[in-house]
Amino acid sequence: MWGVWEVWEVGLDTKLENPTIMKAHLPTTNNQQPTTNNQQLKVTEMEVTVECQKRPEGSKPRALRRSGIIPAVLYGHTGTESVSLTIGAKAAETLLKQATINNTLVQLKVPDLPWEGKALLREVQTHAWKNDIYHLSFFSVASQDSLEVGVPLQFVGEAVGVKQGGILETELTELTIQCAPSQIPESIDVDVSKLEIGGSVHVHELVLPEGATVLDDPDRTVVKIIAPAVGAAKTAES
């Protein structure tokens, strides 16, 4: 029962320091990885690579943390098996400054296995008041049929309307799409070069990666060129 063991282990090791579980384990049964309620997760992908090492057998969590190493675990990378890992404390702190628990995909590398793939930051255990990191859990998404992913929009080109004195106004900077884990794009280009004053681009006009489905309102405005204020326009003409 990995779930009970992991919490019990931290509890024994730090029983006087009251560790706090920021995100509880999802229900599991013996020797099973955490599961989701369905085959879709809504996540945001980060352009960050996190490297972990396989945790030495017999190593104690407290001793690891004292040496600047945080215990971690990876689920879902190969069937129902899990593997105990470690990550540098500074790397873990940097990750948590950018990632959202249960909502962020990172590129996880474990050279010792070897294994590399996209993983969800599933759980974080921290000290109750010091906020020190005690344990991280990652979940490989390779087994998921599809993911709902927030992909950043990349605006390319110089709009004709801007050259005419207009103002480019973005209303959407991230697009929610559904796609296979292996097909998540780093960004989606939005070509604004042909936009004139009064022109706009809507969600349904965007070019999506093959196999991706947009989940946002297709009629939603992504970007538009608005006319300059009257005073600004007169100044530009003079």
# chains A, B, ... in the order shown; residues from 1 in each chain; ligands from 1
>>> select_by_dssp(residues="region 57-131 of chain A", states="alpha helix (DSSP H)", output="PyMOL selection string")
chain A and resi 61-66+89-98
>>> closest_atom_pairs(of="region 161-238 of chain A", to="region 142-151 of chain A", cutoff="12 Å", atoms="only C-alpha atoms", output="Markdown table")
| residue | atom | partner | partner_atom | distance |
| --- | --- | --- | --- | --- |
| A:Leu172 | CA | A:Val151 | CA | 10.9 |
| A:Thr173 | CA | A:Val151 | CA | 8.6 |
| A:Glu174 | CA | A:Val151 | CA | 5.4 |
| A:Leu175 | CA | A:Val151 | CA | 5.2 |
| A:Thr176 | CA | A:Gly150 | CA | 4.5 |
| A:Ile177 | CA | A:Val149 | CA | 5.5 |
| A:Gln178 | CA | A:Glu148 | CA | 4.5 |
| A:Cys179 | CA | A:Ser146 | CA | 5.2 |
| A:Ala180 | CA | A:Ser146 | CA | 4.4 |
| A:Pro181 | CA | A:Ala142 | CA | 6.1 |
| A:Ser182 | CA | A:Ala142 | CA | 7.5 |
| A:Gln183 | CA | A:Ser146 | CA | 9.5 |
| A:Ile184 | CA | A:Val149 | CA | 7.6 |
| A:Pro185 | CA | A:Val151 | CA | 7.1 |
| A:Glu186 | CA | A:Val151 | CA | 6.8 |
| A:Ser187 | CA | A:Val151 | CA | 5.6 |
| A:Ile188 | CA | A:Val151 | CA | 7.0 |
| A:Asp189 | CA | A:Val151 | CA | 10.4 |
| A:Leu208 | CA | A:Val151 | CA | 10.7 |
| A:Pro209 | CA | A:Val151 | CA | 11.2 |
| A:Gly211 | CA | A:Ser146 | CA | 10.4 |
| A:Ala212 | CA | A:Ser146 | CA | 9.6 |
| A:Thr213 | CA | A:Glu148 | CA | 9.3 |
| A:Val214 | CA | A:Glu148 | CA | 9.3 |
| A:Leu215 | CA | A:Glu148 | CA | 8.2 |
| A:Asp216 | CA | A:Gly150 | CA | 10.2 |
>>> select_by_dssp(residues="region 158-199 of chain A", states="strand (DSSP E or B)", output="ChimeraX atom specification")
/A:167-170,174-179,188-191
>>> write_last_selection(atoms="N, CA and C atoms", output="tab-separated table (two decimals), in the first residue's frame")
chain	number	residue	atom	x	y	z
A	167	ILE	N	-3.73	50.16	-33.29
A	167	ILE	CA	-3.17	49.52	-32.09
A	167	ILE	C	-3.57	48.06	-32.07
A	168	LEU	N	-2.58	47.18	-31.92
A	168	LEU	CA	-2.84	45.75	-31.83
A	168	LEU	C	-3.25	45.41	-30.40
A	169	GLU	N	-4.42	44.81	-30.27
A	169	GLU	CA	-4.97	44.50	-28.95
A	169	GLU	C	-5.24	43.00	-28.86
A	170	THR	N	-4.53	42.31	-27.96
A	170	THR	CA	-4.71	40.86	-27.80
A	170	THR	C	-5.76	40.59	-26.72
A	174	GLU	N	-3.72	32.42	-24.58
A	174	GLU	CA	-3.58	30.97	-24.42
A	174	GLU	C	-4.82	30.28	-24.96
A	175	LEU	N	-4.62	29.18	-25.66
A	175	LEU	CA	-5.73	28.44	-26.26
A	175	LEU	C	-5.83	27.07	-25.62
A	176	THR	N	-7.04	26.68	-25.26
A	176	THR	CA	-7.26	25.36	-24.68
A	176	THR	C	-7.61	24.37	-25.78
A	177	ILE	N	-6.78	23.33	-25.90
A	177	ILE	CA	-7.01	22.32	-26.93
A	177	ILE	C	-7.02	20.94	-26.29
A	178	GLN	N	-7.52	19.97	-27.02
A	178	GLN	CA	-7.47	18.58	-26.59
A	178	GLN	C	-6.63	17.81	-27.60
A	179	CYS	N	-5.66	17.07	-27.10
A	179	CYS	CA	-4.78	16.31	-27.99
A	179	CYS	C	-4.10	15.19	-27.22
A	188	ILE	N	1.16	28.00	-30.43
A	188	ILE	CA	0.38	28.06	-31.66
A	188	ILE	C	0.57	29.45	-32.26
A	189	ASP	N	0.99	29.51	-33.52
A	189	ASP	CA	1.25	30.79	-34.17
A	189	ASP	C	-0.06	31.46	-34.61
A	190	VAL	N	-0.09	32.77	-34.43
A	190	VAL	CA	-1.21	33.60	-34.91
A	190	VAL	C	-0.62	34.66	-35.83
A	191	ASP	N	-0.87	34.54	-37.12
A	191	ASP	CA	-0.32	35.48	-38.10
A	191	ASP	C	-1.20	36.74	-38.15
>>> closest_residue(among="A:Leu85, A:Ile101, A:Ile225, A:Val192", to="Phe155 (chain A)", atoms="only C-alpha atoms")
A:Val192
>>> closest_residue(among="A:Pro152, A:Gly76, A:Pro218, A:Gly88", to="Leu206 (chain A)", atoms="only C-alpha atoms")
A:Pro218
>>> closest_atom_pairs(of="region 129-221 of chain A", to="region 59-65 of chain A", cutoff="10 Å", atoms="only C-alpha atoms", output="Markdown table")
| residue | atom | partner | partner_atom | distance |
| --- | --- | --- | --- | --- |
| A:Asp132 | CA | A:Arg65 | CA | 9.6 |
| A:Ile133 | CA | A:Arg65 | CA | 8.7 |
| A:Tyr134 | CA | A:Arg65 | CA | 7.5 |
| A:His135 | CA | A:Pro61 | CA | 8.8 |
>>> write_last_selection(atoms="N, CA and C atoms", output="PDB file, in the first residue's frame")
ATOM      1  N   ASP A 132       9.253  24.227   4.094  1.00  0.00           N
ATOM      2  CA  ASP A 132      10.282  23.411   3.454  1.00  0.00           C
ATOM      3  C   ASP A 132       9.615  22.268   2.687  1.00  0.00           C
ATOM      4  N   ILE A 133      10.181  21.911   1.552  1.00  0.00           N
ATOM      5  CA  ILE A 133       9.626  20.824   0.741  1.00  0.00           C
ATOM      6  C   ILE A 133      10.074  19.486   1.314  1.00  0.00           C
ATOM      7  N   TYR A 134       9.110  18.567   1.516  1.00  0.00           N
ATOM      8  CA  TYR A 134       9.419  17.253   2.064  1.00  0.00           C
ATOM      9  C   TYR A 134       9.362  16.148   1.019  1.00  0.00           C
ATOM     10  N   HIS A 135       8.444  16.261   0.054  1.00  0.00           N
ATOM     11  CA  HIS A 135       8.248  15.159  -0.885  1.00  0.00           C
ATOM     12  C   HIS A 135       7.456  15.643  -2.096  1.00  0.00           C
TER      13      HIS A 135
END
